file data-v2.pdb (PDB, C-alpha atoms, pLDDT in the B column)
ATOM      1  CA  MET A   1       0.000   0.000   0.000  1.00 56.00           C
ATOM      2  CA  GLU A   2       1.622   3.220  -1.182  1.00 68.00           C
ATOM      3  CA  LEU A   3       0.217   5.815   1.191  1.00 76.00           C
ATOM      4  CA  ASN A   4       2.571   8.426  -0.220  1.00 75.00           C
ATOM      5  CA  ASN A   5       0.474   8.448  -3.383  1.00 78.00           C
ATOM      6  CA  TYR A   6      -2.396  10.015  -1.471  1.00 82.00           C
ATOM      7  CA  PHE A   7      -0.380  12.803   0.111  1.00 84.00           C
ATOM      8  CA  GLY A   8       0.797  15.719  -1.964  1.00 79.00           C
ATOM      9  CA  GLU A   9       4.170  17.395  -1.852  1.00 84.00           C
ATOM     10  CA  ASP A  10       2.994  19.610   1.013  1.00 87.00           C
ATOM     11  CA  TYR A  11       3.093  16.657   3.428  1.00 90.00           C
ATOM     12  CA  ASN A  12       6.133  14.970   4.963  1.00 91.00           C
ATOM     13  CA  LEU A  13       6.328  11.347   6.094  1.00 90.00           C
ATOM     14  CA  LEU A  14       7.923  11.288   9.536  1.00 90.00           C
ATOM     15  CA  ASP A  15      10.727   8.820  10.150  1.00 88.00           C
ATOM     16  CA  PRO A  16      10.255   6.913  13.437  1.00 86.00           C
ATOM     17  CA  SER A  17      14.008   6.384  13.746  1.00 82.00           C
ATOM     18  CA  ALA A  18      14.467  10.168  13.834  1.00 78.00           C
ATOM     19  CA  LYS A  19      12.981  10.378  17.286  1.00 68.00           C
ATOM     20  CA  ASN A  20      13.126  14.162  17.425  1.00 68.00           C
ATOM     21  CA  GLU A  21      10.684  14.376  14.488  1.00 75.00           C
ATOM     22  CA  ILE A  22       7.822  12.466  16.055  1.00 78.00           C
ATOM     23  CA  ALA A  23       6.060  12.352  19.399  1.00 81.00           C
ATOM     24  CA  GLU A  24       7.542   9.693  21.649  1.00 83.00           C
ATOM     25  CA  VAL A  25       4.060   8.614  22.721  1.00 88.00           C
ATOM     26  CA  PHE A  26       3.513   7.256  19.187  1.00 90.00           C
ATOM     27  CA  LEU A  27       6.678   5.109  19.270  1.00 88.00           C
ATOM     28  CA  GLU A  28       8.030   1.958  20.841  1.00 85.00           C
ATOM     29  CA  SER A  29      11.587   0.676  21.103  1.00 77.00           C
ATOM     30  CA  SER A  30      12.837  -2.760  20.118  1.00 71.00           C
ATOM     31  CA  GLY A  31      15.993  -4.747  20.759  1.00 63.00           C
ATOM     32  CA  GLU A  32      18.957  -3.978  22.930  1.00 61.00           C
ATOM     33  CA  GLU A  33      19.957  -1.052  20.718  1.00 63.00           C
ATOM     34  CA  LYS A  34      16.615   0.600  21.387  1.00 69.00           C
ATOM     35  CA  GLU A  35      15.630   1.094  17.763  1.00 80.00           C
ATOM     36  CA  TRP A  36      12.559   3.270  17.608  1.00 85.00           C
ATOM     37  CA  ARG A  37       9.577   2.305  15.473  1.00 87.00           C
ATOM     38  CA  TYR A  38       5.889   3.124  15.216  1.00 90.00           C
ATOM     39  CA  GLU A  39       3.787   1.439  17.867  1.00 91.00           C
ATOM     40  CA  GLU A  40       1.344  -1.009  16.276  1.00 93.00           C
ATOM     41  CA  PRO A  41      -1.046  -0.583  14.567  1.00 95.00           C
ATOM     42  CA  LEU A  42       0.418   2.810  13.584  1.00 95.00           C
ATOM     43  CA  LYS A  43       1.952   2.528  10.114  1.00 93.00           C
ATOM     44  CA  ALA A  44       2.753   6.109   9.169  1.00 92.00           C
ATOM     45  CA  VAL A  45       2.581   9.698  10.354  1.00 93.00           C
ATOM     46  CA  PHE A  46       2.281  12.555   7.877  1.00 93.00           C
ATOM     47  CA  ILE A  47       2.578  16.205   8.811  1.00 93.00           C
ATOM     48  CA  HIS A  48       1.927  19.276   6.717  1.00 92.00           C
ATOM     49  CA  LYS A  49       4.904  21.506   5.972  1.00 92.00           C
ATOM     50  CA  THR A  50       3.255  24.270   8.004  1.00 93.00           C
ATOM     51  CA  LYS A  51       3.218  21.918  11.040  1.00 93.00           C
ATOM     52  CA  HIS A  52      -0.467  22.759  11.405  1.00 93.00           C
ATOM     53  CA  GLU A  53      -1.917  19.403  10.322  1.00 94.00           C
ATOM     54  CA  MET A  54      -1.071  15.781  11.167  1.00 94.00           C
ATOM     55  CA  PHE A  55      -2.422  12.407  10.030  1.00 94.00           C
ATOM     56  CA  LEU A  56      -1.797   9.144  11.886  1.00 95.00           C
ATOM     57  CA  VAL A  57      -2.445   6.039   9.775  1.00 94.00           C
ATOM     58  CA  LEU A  58      -3.642   3.015  11.759  1.00 96.00           C
ATOM     59  CA  ASP A  59      -3.700  -0.325   9.945  1.00 94.00           C
ATOM     60  CA  CYS A  60      -6.665  -2.219  11.418  1.00 94.00           C
ATOM     61  CA  ARG A  61      -7.401  -4.451   8.440  1.00 92.00           C
ATOM     62  CA  LYS A  62      -6.762  -7.616  10.464  1.00 91.00           C
ATOM     63  CA  VAL A  63      -8.226  -6.348  13.720  1.00 93.00           C
ATOM     64  CA  GLU A  64     -11.578  -7.483  15.114  1.00 92.00           C
ATOM     65  CA  LEU A  65     -14.287  -4.844  15.397  1.00 91.00           C
ATOM     66  CA  ASP A  66     -14.389  -4.865  19.208  1.00 90.00           C
ATOM     67  CA  HIS A  67     -10.638  -4.357  19.340  1.00 94.00           C
ATOM     68  CA  ILE A  68     -10.849  -1.504  16.816  1.00 94.00           C
ATOM     69  CA  LYS A  69     -13.175   0.252  19.251  1.00 92.00           C
ATOM     70  CA  SER A  70     -10.636   0.006  22.061  1.00 94.00           C
ATOM     71  CA  LEU A  71      -7.802   1.023  19.718  1.00 95.00           C
ATOM     72  CA  CYS A  72      -9.672   4.196  18.776  1.00 94.00           C
ATOM     73  CA  GLU A  73      -9.964   5.142  22.439  1.00 94.00           C
ATOM     74  CA  GLU A  74      -6.322   4.232  23.068  1.00 95.00           C
ATOM     75  CA  TRP A  75      -5.036   6.398  20.222  1.00 96.00           C
ATOM     76  CA  GLU A  76      -7.329   9.257  21.123  1.00 95.00           C
ATOM     77  CA  ASN A  77      -5.653   9.232  24.525  1.00 95.00           C
ATOM     78  CA  LYS A  78      -2.205   9.116  22.899  1.00 95.00           C
ATOM     79  CA  VAL A  79      -3.100  12.175  20.831  1.00 95.00           C
ATOM     80  CA  LEU A  80      -4.354  13.939  23.952  1.00 95.00           C
ATOM     81  CA  ASN A  81      -1.127  13.020  25.761  1.00 94.00           C
ATOM     82  CA  PHE A  82       0.914  14.432  22.878  1.00 94.00           C
ATOM     83  CA  VAL A  83      -1.095  17.668  22.774  1.00 94.00           C
ATOM     84  CA  ASN A  84      -0.910  18.271  26.521  1.00 94.00           C
ATOM     85  CA  PHE A  85       2.503  16.911  27.477  1.00 92.00           C
ATOM     86  CA  GLY A  86       4.540  16.272  24.336  1.00 89.00           C
ATOM     87  CA  LYS A  87       7.783  18.132  23.672  1.00 89.00           C
ATOM     88  CA  GLU A  88       7.482  18.125  19.894  1.00 90.00           C
ATOM     89  CA  TYR A  89       5.960  20.883  17.719  1.00 92.00           C
ATOM     90  CA  ARG A  90       5.295  23.186  20.671  1.00 92.00           C
ATOM     91  CA  GLN A  91       5.720  26.253  18.457  1.00 93.00           C
ATOM     92  CA  SER A  92       2.688  25.253  16.373  1.00 93.00           C
ATOM     93  CA  ILE A  93       0.680  23.170  18.844  1.00 94.00           C
ATOM     94  CA  ASN A  94      -2.070  25.803  19.163  1.00 94.00           C
ATOM     95  CA  TYR A  95      -2.931  25.151  15.511  1.00 93.00           C
ATOM     96  CA  LEU A  96      -1.903  21.515  15.278  1.00 94.00           C
ATOM     97  CA  LYS A  97      -4.049  20.315  18.191  1.00 93.00           C
ATOM     98  CA  TYR A  98      -7.209  21.089  16.218  1.00 93.00           C
ATOM     99  CA  ASN A  99      -6.019  19.322  13.069  1.00 94.00           C
ATOM    100  CA  ILE A 100      -4.873  15.859  14.104  1.00 95.00           C
ATOM    101  CA  SER A 101      -6.720  12.992  12.412  1.00 94.00           C
ATOM    102  CA  LEU A 102      -6.671   9.218  12.715  1.00 96.00           C
ATOM    103  CA  LEU A 103      -6.896   7.491   9.331  1.00 94.00           C
ATOM    104  CA  ILE A 104      -8.104   3.984  10.148  1.00 95.00           C
ATOM    105  CA  LEU A 105      -7.652   1.342   7.447  1.00 94.00           C
ATOM    106  CA  CYS A 106     -10.171  -1.479   7.814  1.00 94.00           C
ATOM    107  CA  ILE A 107     -12.148  -4.168   6.007  1.00 92.00           C
ATOM    108  CA  ASP A 108     -15.913  -4.089   5.602  1.00 90.00           C
ATOM    109  CA  ILE A 109     -17.647  -7.049   7.249  1.00 85.00           C
ATOM    110  CA  GLU A 110     -21.085  -8.518   6.686  1.00 83.00           C
ATOM    111  CA  GLY A 111     -23.993  -6.890   8.447  1.00 82.00           C
ATOM    112  CA  TYR A 112     -24.516  -3.388   9.749  1.00 83.00           C
ATOM    113  CA  LYS A 113     -22.711  -3.539  13.088  1.00 86.00           C
ATOM    114  CA  ASP A 114     -19.413  -2.206  11.756  1.00 90.00           C
ATOM    115  CA  ASP A 115     -21.172   0.367   9.551  1.00 91.00           C
ATOM    116  CA  GLU A 116     -23.000   1.808  12.551  1.00 92.00           C
ATOM    117  CA  PHE A 117     -19.803   1.887  14.598  1.00 92.00           C
ATOM    118  CA  ARG A 118     -17.867   3.721  11.878  1.00 92.00           C
ATOM    119  CA  PHE A 119     -20.707   6.190  11.374  1.00 92.00           C
ATOM    120  CA  GLU A 120     -20.977   7.051  15.068  1.00 92.00           C
ATOM    121  CA  THR A 121     -17.210   7.217  15.566  1.00 93.00           C
ATOM    122  CA  GLU A 122     -16.650   9.511  12.589  1.00 91.00           C
ATOM    123  CA  LYS A 123     -19.335  11.865  13.890  1.00 90.00           C
ATOM    124  CA  SER A 124     -17.425  12.273  17.136  1.00 87.00           C
ATOM    125  CA  THR A 125     -14.771  14.989  17.175  1.00 83.00           C
ATOM    126  CA  ARG A 126     -13.672  14.095  20.703  1.00 85.00           C
ATOM    127  CA  ILE A 127      -9.941  14.876  20.935  1.00 91.00           C
ATOM    128  CA  CYS A 128      -9.349  14.307  17.202  1.00 94.00           C
ATOM    129  CA  ARG A 129     -11.092  13.425  13.980  1.00 92.00           C
ATOM    130  CA  LYS A 130     -11.455   9.757  12.966  1.00 94.00           C
ATOM    131  CA  ILE A 131     -11.713   8.737   9.303  1.00 93.00           C
ATOM    132  CA  PHE A 132     -12.338   5.093   8.387  1.00 94.00           C
ATOM    133  CA  LEU A 133     -11.047   3.957   5.009  1.00 93.00           C
ATOM    134  CA  LEU A 134     -12.334   0.652   3.658  1.00 93.00           C
ATOM    135  CA  CYS A 135      -9.759  -1.477   1.846  1.00 92.00           C
ATOM    136  CA  ASN A 136      -9.998  -4.467  -0.466  1.00 88.00           C
ATOM    137  CA  LYS A 137      -8.344  -7.805   0.254  1.00 79.00           C
ATOM    138  CA  ASP A 138      -5.143  -6.579  -1.423  1.00 82.00           C
ATOM    139  CA  GLY A 139      -4.916  -3.670   0.984  1.00 81.00           C
ATOM    140  CA  HIS A 140      -5.837  -0.923  -1.475  1.00 88.00           C
ATOM    141  CA  ILE A 141      -8.228   1.811  -0.375  1.00 90.00           C
ATOM    142  CA  LEU A 142     -11.562   1.557  -2.182  1.00 90.00           C
ATOM    143  CA  LYS A 143     -12.237   4.235  -4.782  1.00 84.00           C
ATOM    144  CA  ASP A 144     -15.371   5.445  -3.004  1.00 86.00           C
ATOM    145  CA  ASP A 145     -13.367   5.986   0.175  1.00 87.00           C
ATOM    146  CA  GLU A 146     -10.450   7.807  -1.441  1.00 83.00           C
ATOM    147  CA  VAL A 147     -12.606  10.919  -1.746  1.00 78.00           C
ATOM    148  CA  MET A 148     -12.990  10.961   2.051  1.00 80.00           C
ATOM    149  CA  LEU A 149      -9.361  11.983   2.363  1.00 81.00           C
ATOM    150  CA  PRO A 150      -9.405  15.769   2.847  1.00 71.00           C
ATOM    151  CA  PHE A 151      -6.140  16.247   0.960  1.00 68.00           C
ATOM    152  CA  TYR A 152      -6.670  13.806  -1.926  1.00 63.00           C
ATOM    153  CA  PHE A 153      -7.965  14.862  -5.309  1.00 53.00           C
ATOM    154  CA  GLU A 154      -8.704  12.405  -8.074  1.00 50.00           C
ATOM    155  CA  PRO A 155      -6.588  13.144 -11.155  1.00 50.00           C
ATOM    156  CA  LEU A 156      -8.433  15.328 -13.624  1.00 44.00           C
ATOM    157  CA  GLN A 157      -9.467  13.618 -16.816  1.00 51.00           C
ATOM    158  CA  GLU A 158      -8.556  15.193 -20.115  1.00 54.00           C
ATOM    159  CA  VAL A 159     -11.462  16.775 -21.940  1.00 55.00           C
ATOM    160  CA  ASN A 160     -12.003  16.088 -25.607  1.00 61.00           C
ATOM    161  CA  ASP A 161     -11.909  19.603 -27.140  1.00 68.00           C
ATOM    162  CA  THR A 162     -13.806  18.510 -30.248  1.00 76.00           C
ATOM    163  CA  LYS A 163     -16.636  17.081 -28.166  1.00 73.00           C
ATOM    164  CA  THR A 164     -16.707  20.222 -26.006  1.00 73.00           C
ATOM    165  CA  GLN A 165     -16.970  22.466 -29.052  1.00 76.00           C
ATOM    166  CA  GLN A 166     -19.766  20.318 -30.433  1.00 79.00           C
ATOM    167  CA  LEU A 167     -21.747  20.579 -27.194  1.00 75.00           C
ATOM    168  CA  GLU A 168     -21.203  24.341 -27.031  1.00 74.00           C
ATOM    169  CA  SER A 169     -22.421  24.664 -30.612  1.00 75.00           C
ATOM    170  CA  GLU A 170     -25.552  22.639 -29.864  1.00 74.00           C
ATOM    171  CA  LEU A 171     -26.220  24.765 -26.794  1.00 68.00           C
ATOM    172  CA  SER A 172     -25.854  28.024 -28.723  1.00 68.00           C
ATOM    173  CA  GLU A 173     -28.378  26.765 -31.278  1.00 66.00           C
ATOM    174  CA  LEU A 174     -30.885  26.201 -28.488  1.00 63.00           C
ATOM    175  CA  LEU A 175     -30.521  29.755 -27.180  1.00 59.00           C
ATOM    176  CA  PRO A 176     -32.476  32.607 -28.791  1.00 57.00           C
ATOM    177  CA  ASP A 177     -30.519  35.086 -30.894  1.00 59.00           C
ATOM    178  CA  ASP A 178     -33.186  37.780 -30.750  1.00 64.00           C
ATOM    179  CA  GLU A 179     -32.124  40.550 -28.338  1.00 70.00           C
ATOM    180  CA  ARG A 180     -35.707  41.064 -27.183  1.00 71.00           C
ATOM    181  CA  ILE A 181     -36.022  37.384 -26.278  1.00 72.00           C
ATOM    182  CA  LEU A 182     -32.658  37.415 -24.504  1.00 71.00           C
ATOM    183  CA  SER A 183     -33.624  40.442 -22.427  1.00 77.00           C
ATOM    184  CA  ILE A 184     -36.821  38.683 -21.324  1.00 76.00           C
ATOM    185  CA  CYS A 185     -34.844  35.558 -20.360  1.00 74.00           C
ATOM    186  CA  LYS A 186     -32.582  37.647 -18.115  1.00 72.00           C
ATOM    187  CA  LYS A 187     -35.448  39.218 -16.172  1.00 74.00           C
ATOM    188  CA  LYS A 188     -35.529  38.309 -12.484  1.00 70.00           C
ATOM    189  CA  LYS A 189     -39.046  39.615 -11.822  1.00 75.00           C
ATOM    190  CA  ALA A 190     -42.380  38.247 -13.037  1.00 79.00           C
ATOM    191  CA  LEU A 191     -42.953  38.492 -16.780  1.00 80.00           C
ATOM    192  CA  SER A 192     -45.526  40.927 -18.112  1.00 82.00           C
ATOM    193  CA  PRO A 193     -48.384  39.738 -20.377  1.00 82.00           C
ATOM    194  CA  ASP A 194     -46.518  41.231 -23.368  1.00 81.00           C
ATOM    195  CA  ASP A 195     -43.364  39.301 -22.428  1.00 79.00           C
ATOM    196  CA  ILE A 196     -45.313  36.061 -22.170  1.00 82.00           C
ATOM    197  CA  ASP A 197     -46.927  36.691 -25.556  1.00 79.00           C
ATOM    198  CA  ILE A 198     -43.534  37.342 -27.190  1.00 76.00           C
ATOM    199  CA  MET A 199     -41.998  34.219 -25.622  1.00 74.00           C
ATOM    200  CA  SER A 200     -44.969  32.089 -26.674  1.00 78.00           C
ATOM    201  CA  ARG A 201     -44.711  33.239 -30.293  1.00 72.00           C
ATOM    202  CA  TRP A 202     -40.944  32.562 -30.269  1.00 69.00           C
ATOM    203  CA  LEU A 203     -41.434  29.044 -28.887  1.00 72.00           C
ATOM    204  CA  ILE A 204     -44.111  28.255 -31.470  1.00 72.00           C
ATOM    205  CA  LYS A 205     -41.829  29.542 -34.208  1.00 61.00           C
ATOM    206  CA  ASP A 206     -38.950  27.437 -32.895  1.00 57.00           C
ATOM    207  CA  ASP A 207     -41.115  24.287 -32.812  1.00 55.00           C
ATOM    208  CA  ASN A 208     -42.169  24.863 -36.410  1.00 56.00           C
ATOM    209  CA  ASN A 209     -38.526  24.960 -37.432  1.00 54.00           C
TER
END
call {"tool": "encode", "arguments": {"input": "data-v2.pdb", "output": "structure tokens"}}
result
Amino acid sequence: MELNNYFGEDYNLLDPSAKNEIAEVFLESSGEEKEWRYEEPLKAVFIHKTKHEMFLVLDCRKVELDHIKSLCEEWENKVLNFVNFGKEYRQSINYLKYNISLLILCIDIEGYKDDEFRFETEKSTRICRKIFLLCNKDGHILKDDEVMLPFYFEPLQEVNDTKTQQLESELSELLPDDERILSICKKKKALSPDDIDIMSRWLIKDDNN
């Protein structure tokens, strides 16, 4: 899963081994050499270049629904701990604390239980925003859920200029070329009896053509 593809050039992926870049509360150490890494299920942390926005990506694709509920509460508390007691990003924390989001990767299961949970959890803005992103069995975010990412824009499709010109030509043929008719069409108040009579005669004429 290439999460970098969803984040533009204005976002930086934080390196867990560079401990000074990321809040210690989001990390855990391993081995005798104390190598720092993201604490599971955290997979990535992205921060905007302004240091005013942060996204924590939690991979819960293989996690049971009940455990996802407890993980949400656990990571909300970690975010709160970082905001209140962390040493990192203190110069921008007054902005950053309102713009921290959990991006939770998960799999849709049968029934409505998980749908209701996601709906209620996403409505809550307690501590931070939670965004659930449904993935397929290969781990790719579903197309319908990509648009939920506040920073992701689907690539623009090229427009066929010839087709556009054809549509514009057809539209212009539908519009009246008589200045009197055009002035009536632009009126914002109720039409007078004379206006209605003129429009009626123009429509009848157009139908006959």
call {"tool": "closest_residue", "arguments": {"input": "data-v2.pdb", "among": "A:Tyr38, A:Ser124, A:Ser183, A:Thr164", "to": "Ala18 (chain A)", "atoms": "only C-alpha atoms"}}
result
A:Tyr38
call {"tool": "resolve_selection", "arguments": {"input": "data-v2.pdb", "expression": "the PyMOL selection byres ((chain A and resi 40) around 12)", "output": "list in words"}}
result
Val25, Phe26, Leu27, Glu28, Ser29, Arg37, Tyr38, Glu39, Pro41, Leu42, Lys43, Ala44, Leu56, Val57, Leu58, Asp59, Cys60, Lys62, Val63, Leu71, Glu74 and Trp75 of chain A
call {"tool": "residues_around", "arguments": {"input": "data-v2.pdb", "residues": "region 88-93 of chain A", "least_positions_apart": "3", "cutoff": "12 Å", "atoms": "all atoms listed in the file", "output": "CSV table (one decimal) with C-alpha atoms, in the frame of the given file"}}
result
chain,number,residue,atom,x,y,z
A,19,LYS,CA,13.0,10.4,17.3
A,20,ASN,CA,13.1,14.2,17.4
A,21,GLU,CA,10.7,14.4,14.5
A,22,ILE,CA,7.8,12.5,16.1
A,23,ALA,CA,6.1,12.4,19.4
A,24,GLU,CA,7.5,9.7,21.6
A,25,VAL,CA,4.1,8.6,22.7
A,26,PHE,CA,3.5,7.3,19.2
A,47,ILE,CA,2.6,16.2,8.8
A,48,HIS,CA,1.9,19.3,6.7
A,49,LYS,CA,4.9,21.5,6.0
A,50,THR,CA,3.3,24.3,8.0
A,51,LYS,CA,3.2,21.9,11.0
A,52,HIS,CA,-0.5,22.8,11.4
A,53,GLU,CA,-1.9,19.4,10.3
A,54,MET,CA,-1.1,15.8,11.2
A,79,VAL,CA,-3.1,12.2,20.8
A,80,LEU,CA,-4.4,13.9,24.0
A,81,ASN,CA,-1.1,13.0,25.8
A,82,PHE,CA,0.9,14.4,22.9
A,83,VAL,CA,-1.1,17.7,22.8
A,84,ASN,CA,-0.9,18.3,26.5
A,85,PHE,CA,2.5,16.9,27.5
A,96,LEU,CA,-1.9,21.5,15.3
A,97,LYS,CA,-4.0,20.3,18.2
A,98,TYR,CA,-7.2,21.1,16.2
A,99,ASN,CA,-6.0,19.3,13.1
A,100,ILE,CA,-4.9,15.9,14.1
call {"tool": "atom_distance", "arguments": {"input": "data-v2.pdb", "atom1": "CA of Glu122 (chain A)", "atom2": "CA of Lys69 (chain A)"}}
result
11.9 Å
call {"tool": "atom_distance", "arguments": {"input": "data-v2.pdb", "atom1": "CA of Glu64 (chain A)", "atom2": "CA of Ser17 (chain A)"}}
result
29.1 Å
call {"tool": "resolve_selection", "arguments": {"input": "data-v2.pdb", "expression": "the PyMOL selection byres ((chain A and resi 137-151) around 12)", "output": "ChimeraX atom specification"}}
result
/A:1-11,46-48,53-55,57,59-62,99,101-109,122,129-136,152-155
call {"tool": "resolve_selection", "arguments": {"input": "data-v2.pdb", "expression": "the PyMOL selection byres ((chain A and resi 195) around 12)", "output": "VMD selection string"}}
result
chain A and resid 180 to 187 189 to 194 196 to 202
call {"tool": "atom_distance", "arguments": {"input": "data-v2.pdb", "atom1": "CA of Gly111 (chain A)", "atom2": "CA of Ser70 (chain A)"}}
result
20.3 Å
call {"tool": "decode", "arguments": {"input": "data-v2.pdb", "residues": "region 1-12 of chain A", "atoms": "N, CA, C and O atoms", "output": "PDB file, in the first residue's frame"}}
result
ATOM      1  N   MET A   1       0.844  -1.193   0.000  1.00  0.00           N
ATOM      2  CA  MET A   1       0.000   0.000   0.000  1.00  0.00           C
ATOM      3  C   MET A   1       0.881   1.245   0.000  1.00  0.00           C
ATOM      4  O   MET A   1       1.648   1.467   0.931  1.00  0.00           O
ATOM      5  N   GLU A   2       0.801   2.024  -1.055  1.00  0.00           N
ATOM      6  CA  GLU A   2       1.622   3.220  -1.182  1.00  0.00           C
ATOM      7  C   GLU A   2       0.845   4.433  -0.673  1.00  0.00           C
ATOM      8  O   GLU A   2       0.180   5.132  -1.428  1.00  0.00           O
ATOM      9  N   LEU A   3       0.944   4.693   0.610  1.00  0.00           N
ATOM     10  CA  LEU A   3       0.217   5.815   1.191  1.00  0.00           C
ATOM     11  C   LEU A   3       0.729   7.144   0.669  1.00  0.00           C
ATOM     12  O   LEU A   3      -0.011   8.126   0.615  1.00  0.00           O
ATOM     13  N   ASN A   4       1.994   7.178   0.286  1.00  0.00           N
ATOM     14  CA  ASN A   4       2.571   8.426  -0.220  1.00  0.00           C
ATOM     15  C   ASN A   4       1.819   8.951  -1.433  1.00  0.00           C
ATOM     16  O   ASN A   4       1.809  10.157  -1.692  1.00  0.00           O
ATOM     17  N   ASN A   5       1.193   8.037  -2.177  1.00  0.00           N
ATOM     18  CA  ASN A   5       0.474   8.448  -3.383  1.00  0.00           C
ATOM     19  C   ASN A   5      -0.721   9.341  -3.066  1.00  0.00           C
ATOM     20  O   ASN A   5      -1.188  10.086  -3.925  1.00  0.00           O
ATOM     21  N   TYR A   6      -1.215   9.245  -1.848  1.00  0.00           N
ATOM     22  CA  TYR A   6      -2.396  10.015  -1.471  1.00  0.00           C
ATOM     23  C   TYR A   6      -2.043  11.381  -0.888  1.00  0.00           C
ATOM     24  O   TYR A   6      -2.897  12.245  -0.781  1.00  0.00           O
ATOM     25  N   PHE A   7      -0.805  11.545  -0.495  1.00  0.00           N
ATOM     26  CA  PHE A   7      -0.380  12.803   0.111  1.00  0.00           C
ATOM     27  C   PHE A   7       0.426  13.605  -0.907  1.00  0.00           C
ATOM     28  O   PHE A   7       1.327  13.082  -1.554  1.00  0.00           O
ATOM     29  N   GLY A   8       0.089  14.866  -1.023  1.00  0.00           N
ATOM     30  CA  GLY A   8       0.797  15.719  -1.964  1.00  0.00           C
ATOM     31  C   GLY A   8       2.160  16.131  -1.435  1.00  0.00           C
ATOM     32  O   GLY A   8       2.595  15.731  -0.351  1.00  0.00           O
ATOM     33  N   GLU A   9       2.816  16.962  -2.196  1.00  0.00           N
ATOM     34  CA  GLU A   9       4.170  17.395  -1.852  1.00  0.00           C
ATOM     35  C   GLU A   9       4.204  18.304  -0.628  1.00  0.00           C
ATOM     36  O   GLU A   9       5.276  18.584  -0.089  1.00  0.00           O
ATOM     37  N   ASP A  10       3.036  18.742  -0.168  1.00  0.00           N
ATOM     38  CA  ASP A  10       2.994  19.610   1.013  1.00  0.00           C
ATOM     39  C   ASP A  10       3.047  18.832   2.321  1.00  0.00           C
ATOM     40  O   ASP A  10       3.051  19.424   3.404  1.00  0.00           O
ATOM     41  N   TYR A  11       3.068  17.488   2.226  1.00  0.00           N
ATOM     42  CA  TYR A  11       3.093  16.657   3.428  1.00  0.00           C
ATOM     43  C   TYR A  11       4.404  15.876   3.506  1.00  0.00           C
ATOM     44  O   TYR A  11       4.921  15.401   2.494  1.00  0.00           O
ATOM     45  N   ASN A  12       4.909  15.728   4.725  1.00  0.00           N
ATOM     46  CA  ASN A  12       6.133  14.970   4.963  1.00  0.00           C
ATOM     47  C   ASN A  12       5.820  13.712   5.758  1.00  0.00           C
ATOM     48  O   ASN A  12       5.045  13.750   6.722  1.00  0.00           O
TER      49      ASN A  12
END
